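S.K.: Got my_file.cif for you, mmCIF, C-alpha atoms and all ligand atoms:
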```cif
data_structure
loop_
_atom_site.label_atom_id
_atom_site.label_comp_id
_atom_site.auth_asym_id
_atom_site.auth_seq_id
_atom_site.Cartn_x
_atom_site.Cartn_y
_atom_site.Cartn_z
CA MET A 9 168.76 84.04 152.98
CA LYS A 10 165.74 82.64 151.19
CA VAL A 11 162.29 84.06 151.79
CA GLN A 12 159.24 82.09 150.70
CA VAL A 13 156.06 84.20 150.57
CA ASN A 14 152.72 82.42 150.43
CA ALA A 15 150.28 85.02 149.15
CA ARG A 16 146.55 84.57 148.69
CA ASN A 17 146.90 83.71 145.01
CA ARG A 18 150.36 82.09 144.71
CA ALA A 19 153.83 81.62 146.24
CA TYR A 20 157.07 83.56 145.55
CA GLN A 21 160.68 83.01 146.55
CA PHE A 22 163.47 85.56 146.66
CA GLU A 23 166.85 86.20 148.30
CA CYS A 24 167.11 88.69 151.16
CA ALA A 25 170.57 90.07 152.03
CA PRO A 26 171.68 89.96 155.71
CA GLY A 27 170.26 93.01 157.50
CA GLU A 28 167.87 93.78 154.64
CA LYS A 29 164.16 94.46 155.26
CA ILE A 30 161.97 91.69 153.87
CA LEU A 31 159.76 94.22 152.05
CA PHE A 32 162.75 95.77 150.27
CA ALA A 33 164.08 92.36 149.15
CA GLY A 34 160.68 91.43 147.71
CA LEU A 35 160.16 94.73 145.88
CA ARG A 36 163.74 94.68 144.56
CA ASN A 37 162.92 91.27 143.07
CA ALA A 38 159.79 92.70 141.38
CA VAL A 39 157.43 90.92 143.82
CA ASP A 40 154.83 93.62 144.46
CA LEU A 41 154.34 93.03 148.21
CA PRO A 42 151.76 95.24 149.95
CA TYR A 43 152.97 98.51 151.52
CA GLU A 44 152.07 102.18 151.83
CA CYS A 45 154.55 104.13 153.98
CA GLY A 46 157.50 101.70 153.92
CA SER A 47 158.53 103.16 157.27
CA GLY A 48 156.62 101.41 160.07
CA THR A 49 153.52 103.53 160.54
CA CYS A 50 150.61 102.30 158.39
CA GLY A 51 150.59 98.53 159.03
CA THR A 52 149.80 97.71 155.36
CA CYS A 53 152.88 95.48 155.01
CA LYS A 54 151.81 93.02 157.71
CA ALA A 55 152.71 89.34 157.23
CA LYS A 56 152.64 86.21 159.36
CA LEU A 57 155.73 84.20 160.24
CA ILE A 58 155.25 80.49 159.45
CA GLU A 59 158.79 79.21 159.77
CA GLY A 60 162.21 80.69 160.57
CA GLU A 61 163.45 83.57 162.72
CA ILE A 62 163.24 87.34 162.23
CA HIS A 63 164.86 90.36 163.85
CA ASP A 64 162.72 93.45 164.52
CA PRO A 65 164.96 96.51 165.10
CA TRP A 66 161.99 98.76 165.96
CA PRO A 67 159.33 96.75 167.86
CA GLN A 68 157.63 100.01 168.98
CA ALA A 69 156.83 101.05 165.38
CA PRO A 70 153.33 102.64 165.31
CA GLY A 71 152.19 100.14 162.65
CA THR A 72 152.57 97.26 165.15
CA ARG A 73 149.33 98.41 166.87
CA LEU A 74 147.50 96.70 164.00
CA LEU A 75 149.29 93.36 164.46
CA LYS A 76 148.33 90.17 166.27
CA SER A 77 151.86 89.56 167.49
CA ALA A 78 150.87 86.40 169.42
CA GLN A 79 149.89 84.90 166.06
CA GLY A 80 153.30 85.69 164.55
CA GLU A 81 152.31 88.84 162.65
CA PHE A 82 155.07 91.37 161.87
CA LEU A 83 155.82 94.35 159.59
CA MET A 84 157.77 93.43 156.45
CA CYS A 85 159.08 97.01 156.12
CA GLN A 86 160.82 96.74 159.50
CA CYS A 87 161.85 93.10 159.98
CA GLU A 88 164.94 91.33 158.69
CA PRO A 89 165.41 87.54 158.40
CA LYS A 90 167.81 85.76 160.76
CA SER A 91 167.36 82.48 158.85
CA ASP A 92 165.56 81.20 155.77
CA LEU A 93 161.91 82.13 156.15
CA SER A 94 158.45 81.03 155.18
CA ILE A 95 155.84 83.77 155.60
CA GLU A 96 152.19 84.32 154.74
CA VAL A 97 150.63 87.47 153.26
CA ALA A 98 146.83 87.72 153.26
CA ASN A 99 146.73 89.85 150.06
CA PHE A 100 146.78 88.92 146.41
CA VAL A 101 150.35 89.56 145.25
CA TYR A 102 151.57 89.90 141.65
CA TYR A 103 154.83 90.59 139.88
CA ALA A 104 155.38 94.29 139.08
CA ASP A 105 153.94 95.36 135.72
CA PRO A 106 156.35 95.17 132.79
CA GLY A 107 157.91 98.61 132.38
CA ALA A 108 157.38 99.53 136.05
CA CYS A 109 160.30 101.26 137.79
CA ILE A 110 161.69 98.52 140.04
CA PRO A 111 163.05 99.83 143.36
CA ALA A 112 166.70 99.37 144.31
CA PHE A 113 169.25 100.71 146.80
CA TYR A 114 171.17 103.88 145.93
CA GLN A 115 173.83 105.93 147.66
CA GLY A 116 173.13 109.65 147.65
CA ARG A 117 175.00 112.78 148.74
CA ILE A 118 173.24 115.96 149.84
CA GLU A 119 174.42 118.49 147.29
CA SER A 120 172.50 121.56 148.36
CA GLN A 121 169.82 122.75 150.73
CA ALA A 122 167.78 125.93 150.94
CA ARG A 123 165.21 127.29 153.40
CA LEU A 124 161.85 127.94 151.70
CA THR A 125 159.93 129.12 154.79
CA HIS A 126 160.44 129.24 158.58
CA ASP A 127 159.81 125.47 158.75
CA VAL A 128 160.20 124.10 155.20
CA LEU A 129 163.49 123.28 153.53
CA ALA A 130 164.39 122.00 150.07
CA PHE A 131 167.35 119.71 149.49
CA ARG A 132 168.92 118.05 146.48
CA VAL A 133 170.63 114.67 146.43
CA ALA A 134 173.17 113.51 143.85
CA LEU A 135 172.83 109.78 143.18
CA ASP A 136 175.60 107.23 142.61
CA ALA A 137 173.58 105.77 139.68
CA PRO A 138 170.70 107.14 137.59
CA MET A 139 167.16 106.39 138.80
CA ASP A 140 163.99 106.07 136.73
CA PHE A 141 160.83 106.97 138.61
CA ASP A 142 157.26 107.97 137.87
CA ALA A 143 155.87 111.39 138.72
CA GLY A 144 154.32 111.19 142.19
CA GLN A 145 156.68 108.56 143.61
CA PHE A 146 158.84 108.70 146.74
CA VAL A 147 162.03 107.16 148.11
CA LEU A 148 162.95 106.00 151.57
CA ALA A 149 166.01 107.78 152.93
CA GLU A 150 168.32 106.79 155.77
CA ALA A 151 170.99 109.05 157.25
CA PRO A 152 173.89 107.67 159.31
CA ALA A 153 173.00 109.99 162.20
CA VAL A 154 169.30 108.95 162.38
CA ARG A 155 167.78 105.51 162.99
CA GLY A 156 165.36 104.16 160.39
CA PHE A 157 164.13 105.13 156.92
CA ARG A 158 161.84 108.13 156.18
CA GLY A 159 159.73 108.59 153.03
CA TYR A 160 160.25 111.70 150.85
CA SER A 161 158.46 112.43 147.57
CA MET A 162 160.44 113.61 144.59
CA VAL A 163 159.73 117.21 143.51
CA ASN A 164 161.49 116.95 140.14
CA PHE A 165 160.69 114.66 137.24
CA GLU A 166 163.15 113.32 134.74
CA ARG A 167 164.09 109.99 133.24
CA ARG A 168 167.41 108.50 134.37
CA ALA A 169 167.64 111.16 137.02
CA SER A 170 171.08 111.70 138.50
CA ARG A 171 169.67 114.11 141.08
CA LEU A 172 166.55 114.03 143.23
CA GLU A 173 164.92 117.10 144.72
CA PHE A 174 162.91 117.06 147.93
CA VAL A 175 161.04 119.41 150.21
CA VAL A 176 160.77 118.72 153.94
CA LYS A 177 158.67 120.24 156.67
CA LYS A 178 160.30 120.45 160.08
CA LYS A 179 158.64 118.23 162.68
CA PRO A 180 159.46 119.48 166.19
CA GLY A 181 161.54 116.75 167.85
CA GLY A 182 161.61 114.71 164.62
CA GLY A 183 164.83 112.74 164.00
CA PHE A 184 165.39 113.27 160.28
CA SER A 185 163.83 116.70 159.77
CA GLU A 186 165.56 118.22 162.83
CA TRP A 187 168.85 116.74 161.58
CA LEU A 188 168.30 118.42 158.21
CA PHE A 189 167.43 121.76 159.80
CA ASP A 190 169.96 121.82 162.62
CA GLY A 191 173.38 121.08 161.27
CA SER A 192 175.09 121.73 157.99
CA VAL A 193 174.20 118.54 156.14
CA GLN A 194 175.81 119.58 152.86
CA GLY A 195 177.85 116.61 151.61
CA ALA A 196 176.17 114.13 154.00
CA GLU A 197 175.71 110.62 152.63
CA LEU A 198 172.24 109.05 152.49
CA ARG A 199 171.18 105.51 151.76
CA LEU A 200 168.07 105.49 149.56
CA PHE A 201 165.59 102.81 148.54
CA GLY A 202 163.13 103.46 145.75
CA PRO A 203 161.27 104.50 143.76
CA LEU A 204 158.10 103.57 145.64
CA GLY A 205 154.43 104.48 145.67
CA LYS A 206 151.33 104.05 143.56
CA ALA A 207 150.12 107.66 143.43
CA THR A 208 151.72 107.99 140.01
CA PHE A 209 150.82 110.08 137.00
CA TYR A 210 151.65 109.04 133.44
CA PRO A 211 150.73 110.82 130.20
CA GLY A 212 148.68 107.88 128.89
CA LEU A 213 146.18 108.39 131.75
CA GLY A 214 143.65 110.19 129.57
CA LYS A 215 141.88 111.91 132.49
CA ASN A 216 141.62 115.35 134.04
CA VAL A 217 143.96 115.60 137.00
CA LEU A 218 142.98 116.89 140.46
CA CYS A 219 145.81 117.46 142.97
CA ILE A 220 145.05 118.24 146.62
CA ALA A 221 148.15 118.85 148.74
CA GLY A 222 148.64 119.88 152.34
CA GLY A 223 151.98 121.57 153.12
CA SER A 224 154.97 119.54 151.94
CA GLY A 225 152.46 117.26 150.16
CA ILE A 226 152.95 119.66 147.23
CA ALA A 227 156.26 117.80 146.53
CA GLY A 228 154.77 114.98 144.44
CA MET A 229 152.33 117.40 142.77
CA MET A 230 155.28 119.45 141.50
CA SER A 231 156.64 116.27 139.91
CA ILE A 232 153.22 115.53 138.35
CA LEU A 233 152.95 119.10 137.04
CA SER A 234 156.51 118.91 135.65
CA ARG A 235 155.77 115.74 133.77
CA GLY A 236 152.35 116.96 132.62
CA CYS A 237 153.84 120.20 131.27
CA GLN A 238 156.84 118.45 129.67
CA GLU A 239 154.43 116.16 127.80
CA ARG A 240 151.96 119.00 127.03
CA TYR A 241 149.30 116.92 128.78
CA PHE A 242 147.43 120.05 129.87
CA SER A 243 146.87 121.16 126.29
CA GLN A 244 144.29 118.35 126.18
CA TYR A 245 143.24 117.69 129.78
CA LYS A 246 142.35 119.88 132.73
CA GLY A 247 144.60 120.18 135.75
CA TYR A 248 143.11 121.39 139.04
CA VAL A 249 145.65 121.97 141.83
CA PHE A 250 144.78 122.87 145.44
CA PHE A 251 147.68 123.69 147.75
CA GLY A 252 146.77 124.14 151.41
CA VAL A 253 148.86 125.83 154.10
CA ARG A 254 148.04 127.60 157.35
CA SER A 255 148.94 131.20 156.60
CA ALA A 256 150.72 133.51 154.16
CA ARG A 257 154.07 132.89 155.88
CA ASP A 258 153.81 129.16 155.06
CA VAL A 259 153.52 129.43 151.25
CA PHE A 260 156.37 128.34 148.96
CA TYR A 261 156.84 127.30 145.31
CA LEU A 262 154.31 129.94 144.20
CA GLU A 263 156.61 131.28 141.43
CA ALA A 264 157.09 127.75 140.09
CA LEU A 265 153.34 127.03 140.27
CA GLU A 266 152.59 130.26 138.46
CA GLY A 267 155.17 129.24 135.83
CA PHE A 268 153.31 125.95 135.18
CA ARG A 269 150.04 127.86 134.88
CA ARG A 270 151.53 130.34 132.41
CA GLU A 271 152.27 127.41 130.06
CA PHE A 272 148.63 126.22 130.03
CA PRO A 273 146.47 129.14 131.20
CA ASP A 274 143.26 127.71 129.70
CA ASN A 275 143.42 124.28 131.31
CA LEU A 276 145.52 124.57 134.47
CA GLU A 277 143.91 126.11 137.58
CA ILE A 278 145.95 126.47 140.74
CA THR A 279 144.39 127.54 144.04
CA VAL A 280 146.25 128.26 147.27
CA ALA A 281 144.11 127.73 150.38
CA LEU A 282 144.96 129.44 153.68
CA SER A 283 143.27 127.69 156.60
CA ASP A 284 144.07 130.06 159.46
CA GLU A 285 143.70 133.58 158.10
CA PRO A 286 142.03 135.63 155.37
CA VAL A 287 144.06 135.92 152.18
CA PRO A 288 146.26 139.04 152.38
CA GLU A 289 145.59 141.31 149.39
CA ALA A 290 149.33 141.76 148.77
CA LEU A 291 149.78 138.00 148.33
CA ALA A 292 146.99 137.70 145.77
CA ARG A 293 148.34 140.77 143.93
CA ARG A 294 151.86 139.31 143.82
CA TYR A 295 150.70 136.11 142.07
CA PRO A 296 147.96 137.12 139.63
CA GLY A 297 148.15 133.73 137.87
CA LEU A 298 147.06 131.88 141.00
CA ALA A 299 143.71 131.82 142.80
CA PHE A 300 143.59 132.21 146.60
CA ASP A 301 140.89 131.16 149.03
CA GLN A 302 140.37 130.78 152.76
CA GLY A 303 139.60 127.41 154.37
CA LEU A 304 140.87 123.89 154.81
CA VAL A 305 142.24 122.64 151.51
CA HIS A 306 139.64 119.85 151.05
CA GLU A 307 136.81 122.32 151.76
CA VAL A 308 138.17 124.82 149.25
CA ALA A 309 138.57 122.01 146.70
CA ALA A 310 134.99 120.81 147.35
CA ARG A 311 133.64 124.35 146.82
CA ARG A 312 135.56 125.10 143.65
CA MET A 313 135.26 121.64 142.06
CA GLU A 314 131.48 121.33 142.38
CA GLY A 315 130.06 119.85 139.15
CA ARG A 316 133.53 119.35 137.59
CA TYR A 317 134.38 115.75 138.47
CA GLN A 318 133.84 114.19 135.04
CA ASN A 319 136.71 111.91 134.04
CA VAL A 320 138.90 112.92 137.00
CA ARG A 321 141.84 111.13 138.65
CA ALA A 322 142.71 112.63 142.05
CA TYR A 323 146.13 112.73 143.72
CA LEU A 324 146.34 113.60 147.41
CA ALA A 325 149.32 114.06 149.71
CA GLY A 326 150.20 115.61 153.02
CA PRO A 327 149.47 115.12 156.73
CA PRO A 328 147.17 112.09 157.35
CA PRO A 329 144.17 114.10 158.67
CA ALA A 330 144.22 116.34 155.55
CA VAL A 331 144.48 113.35 153.21
CA GLU A 332 141.73 111.44 155.05
CA ALA A 333 139.38 114.45 154.91
CA ALA A 334 140.03 114.81 151.16
CA ILE A 335 139.42 111.08 150.57
CA ARG A 336 136.07 111.30 152.41
CA MET A 337 135.07 114.34 150.38
CA LEU A 338 136.00 112.68 147.07
CA LEU A 339 134.17 109.44 147.89
CA LEU A 340 131.02 110.92 149.40
CA LYS A 341 130.58 114.21 147.57
CA ALA A 342 132.42 113.79 144.29
CA LYS A 343 131.54 110.05 144.01
CA LEU A 344 134.95 109.19 142.60
CA THR A 345 135.79 105.48 142.59
CA THR A 346 138.64 104.32 144.85
CA ASP A 347 140.77 103.54 141.80
CA ASN A 348 140.66 107.23 140.88
CA ILE A 349 141.83 108.40 144.31
CA ARG A 350 145.59 107.98 144.73
CA TYR A 351 147.23 109.22 147.90
CA ASP A 352 150.32 109.35 150.09
CA LYS A 353 149.81 109.98 153.78
CA PHE A 354 152.92 111.65 155.19
CA SER A 355 152.74 109.67 158.43
C1 LIG B 401 155.03 108.06 151.33
C2 LIG B 401 155.56 109.19 152.17
C3 LIG B 401 156.06 110.32 151.55
C4 LIG B 401 156.50 111.39 152.33
N1 LIG B 401 156.96 112.51 151.71
C5 LIG B 401 157.33 113.58 152.45
C6 LIG B 401 157.77 114.78 151.82
O1 LIG B 401 157.89 114.87 150.59
N2 LIG B 401 158.10 115.84 152.62
C7 LIG B 401 157.99 115.77 154.00
O2 LIG B 401 158.27 116.75 154.69
N3 LIG B 401 157.58 114.62 154.61
C8 LIG B 401 157.27 113.54 153.88
N4 LIG B 401 156.88 112.39 154.51
C9 LIG B 401 156.97 112.33 155.99
C10 LIG B 401 158.42 111.93 156.38
O3 LIG B 401 158.67 110.61 155.98
C11 LIG B 401 158.68 111.99 157.88
O4 LIG B 401 157.70 111.29 158.59
C12 LIG B 401 158.76 113.43 158.39
O5 LIG B 401 159.77 114.15 157.69
C13 LIG B 401 159.12 113.45 159.88
O6 LIG B 401 160.31 112.73 160.06
P1 LIG B 401 161.22 112.96 161.33
O7 LIG B 401 162.35 112.00 161.27
O8 LIG B 401 161.57 114.39 161.45
O9 LIG B 401 160.24 112.59 162.54
P2 LIG B 401 160.27 111.28 163.47
O10 LIG B 401 159.07 111.40 164.35
O11 LIG B 401 161.59 111.12 164.12
O12 LIG B 401 160.09 110.06 162.46
C14 LIG B 401 159.01 109.95 161.59
C15 LIG B 401 158.96 108.59 160.99
O13 LIG B 401 160.24 107.98 160.84
C16 LIG B 401 160.18 106.59 161.12
N5 LIG B 401 160.98 106.26 162.34
C17 LIG B 401 161.10 106.99 163.47
N6 LIG B 401 161.92 106.37 164.36
C18 LIG B 401 162.32 105.23 163.78
C19 LIG B 401 163.18 104.13 164.20
N7 LIG B 401 163.78 104.10 165.38
N8 LIG B 401 163.36 103.10 163.33
C20 LIG B 401 162.75 103.09 162.13
N9 LIG B 401 161.94 104.11 161.68
C21 LIG B 401 161.72 105.16 162.50
C22 LIG B 401 158.73 106.31 161.30
O14 LIG B 401 158.13 106.03 160.07
C23 LIG B 401 158.20 107.61 161.86
O15 LIG B 401 156.82 107.78 161.70
C24 LIG B 401 156.46 111.31 153.75
C25 LIG B 401 155.98 110.14 154.37
C26 LIG B 401 155.55 109.10 153.60
C27 LIG B 401 155.03 107.87 154.29
S1 LIG B 402 154.45 99.79 154.84
FE1 LIG B 402 155.14 98.85 156.65
S2 LIG B 402 154.06 99.90 158.17
FE2 LIG B 402 153.57 101.02 156.34
#
```
Translate this file's structure into structure tokens.
M.R.:
Amino acid sequence: MKVQVNARNRAYQFECAPGEKILFAGLRNAVDLPYECGSGTCGTCKAKLIEGEIHDPWPQAPGTRLLKSAQGEFLMCQCEPKSDLSIEVANFVYYADPGACIPAFYQGRIESQARLTHDVLAFRVALDAPMDFDAGQFVLAEAPAVRGFRGYSMVNFERRASRLEFVVKKKPGGGFSEWLFDGSVQGAELRLFGPLGKATFYPGLGKNVLCIAGGSGIAGMMSILSRGCQERYFSQYKGYVFFGVRSARDVFYLEALEGFRREFPDNLEITVALSDEPVPEALARRYPGLAFDQGLVHEVAARRMEGRYQNVRAYLAGPPPAVEAAIRMLLLKAKLTTDNIRYDKFS
């Protein structure tokens, strides 16, 4: 089916397969339609139906609260065309930059999984075809047993990756995360769409890098650190990483983080922030290469970064309240420009 998109600056046309989300069809055709979560919560992908008929498999999606449904507004990440369509998008829309990793559909198989803490699990997916992605990007994953796509950020970084690594925090009552935690999902097939997301790091950036992660938000930061270390970026630029969790029993990846730091001890600083308890001495002793502090992660970052924001690009990820608090701090206190604050809200 044909979809005609009238954006603020120009019009685009692309084919959408039956049952395919309009957003996915546009992105797959290198039309950089607006989105953030890709999974029905943020409302960024809103468009207006001008002509034709759409099917909305999840009309209760949280992102619909931002729509004027009576005026034909809908979420492109949820809706599928039932006929040829003409739609309107209020944003400026451009083709993807040359060299950008264009998203596509992949089949994946869960190859392994491992518990990292009482409520965090890592899993690895083998892909049916290699995927190029940028450090900091995510994919949308759909399991046969669970309705709808969920976003997960890649932990690893490699070109033409045949495997993707993820880390997931259990959400009580959550469809996908409970499915991962409950049964033995080894060998389960996933449908993936990606890579997605604009919180990307690339070695040509030429700036000091500040990462602020809450909980599983550390996923994309691991990918950024991998790429930065592979390219020896931190021999020239500073890297400041703040990883926030509630208590000592919630920490994970500390050996790997310490390993990154060992490669660039002069320029890479990694601080673990515990919000709900004082830092146990044994924990600090066990990881002498890392700094530990008590407080919410954005507060700890604000304290330790004071006066060090020159030439900084910030990457933020994790639960929406943590990301929003960090954005406020970086805009109001650090005076970073919006272009230098890249984030993924794990909504
Ligand atoms: C960009 C991005 C990156 C993320 N990266 C990570 C990560 O690396 N690690 C991590 O732990 N979490 C990550 N998340 C959060 C993750 O996507 C899930 O929200 C989280 O794992 C909880 O999922 P759940 O299925 O357990 O909970 P649920 O409450 O069942 O679902 C959560 C989300 O799934 C979607 N959804 C639910 N029901 C439906 C339905 N019927 N039809 C369609 N969609 C539905 C909605 O987006 C909903 O908000 C990320 C989120 C985003 C937006
Ligand atoms: S991108 Fe569609 S609601 Fe977030």
S.K.: Which distance in Å separates atom O2 of ligand LIG 401 (chain B) and CA of Lys206 in chain A, to one decimal?
M.R.: 18.3 Å
S.K.: At a cut-off of 10 Å, using all atoms listed in the file, what residues contact Val128 in chain A? Leave out same-chain residues fewer than 6 positions from it and give the result as a PDB file with C-alpha atoms, in the frame of the given file.
M.R.:
```
ATOM      1  CA  ALA A 122     167.780 125.930 150.940  1.00  0.00           C
ATOM      2  CA  VAL A 175     161.040 119.410 150.210  1.00  0.00           C
ATOM      3  CA  VAL A 176     160.770 118.720 153.940  1.00  0.00           C
ATOM      4  CA  LYS A 177     158.670 120.240 156.670  1.00  0.00           C
ATOM      5  CA  LYS A 178     160.300 120.450 160.080  1.00  0.00           C
ATOM      6  CA  LYS A 179     158.640 118.230 162.680  1.00  0.00           C
ATOM      7  CA  SER A 185     163.830 116.700 159.770  1.00  0.00           C
ATOM      8  CA  PHE A 189     167.430 121.760 159.800  1.00  0.00           C
ATOM      9  CA  GLY A 223     151.980 121.570 153.120  1.00  0.00           C
ATOM     10  CA  SER A 224     154.970 119.540 151.940  1.00  0.00           C
ATOM     11  CA  ASP A 258     153.810 129.160 155.060  1.00  0.00           C
ATOM     12  CA  VAL A 259     153.520 129.430 151.250  1.00  0.00           C
ATOM     13  CA  PHE A 260     156.370 128.340 148.960  1.00  0.00           C
TER      14      PHE A 260
END
```
S.K.: Which is closer to Tyr317 in chain A than all the others in A:Phe22, A:Phe268, A:Tyr248, A:Phe300, using all atoms listed in the file?
M.R.: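 Between A:Phe22, A:Phe268, A:Tyr248, A:Phe300, the residue approaching Tyr317 in chain A most closely is A:Tyr248.
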S.K.: A:Tyr241, A:Tyr261, A:Phe251, A:Tyr43: which is nearest ligand LIG 402 (chain B), counting all atoms listed in the file?
M.R.: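 Going through A:Tyr241, A:Tyr261, A:Phe251, A:Tyr43 one by one, the smallest distance to ligand LIG 402 (chain B) is for A:Tyr43.
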S.K.: Please list as a ChimeraX atom specification every residue within 8 Å of range 157-171 of chain A, counting only C-alpha atoms and excluding residues in the same chain fewer than 4 positions away.
M.R.: /A:45-47,132-151,175-176,184,227-232,234-235,354
S.K.: Ranking A:Ser77, A:Asn17, A:Gln238, A:Gln68 by minimum distance to Tyr103 in chain A and counting only C-alpha atoms, which one comes first?
M.R.: A:Asn17
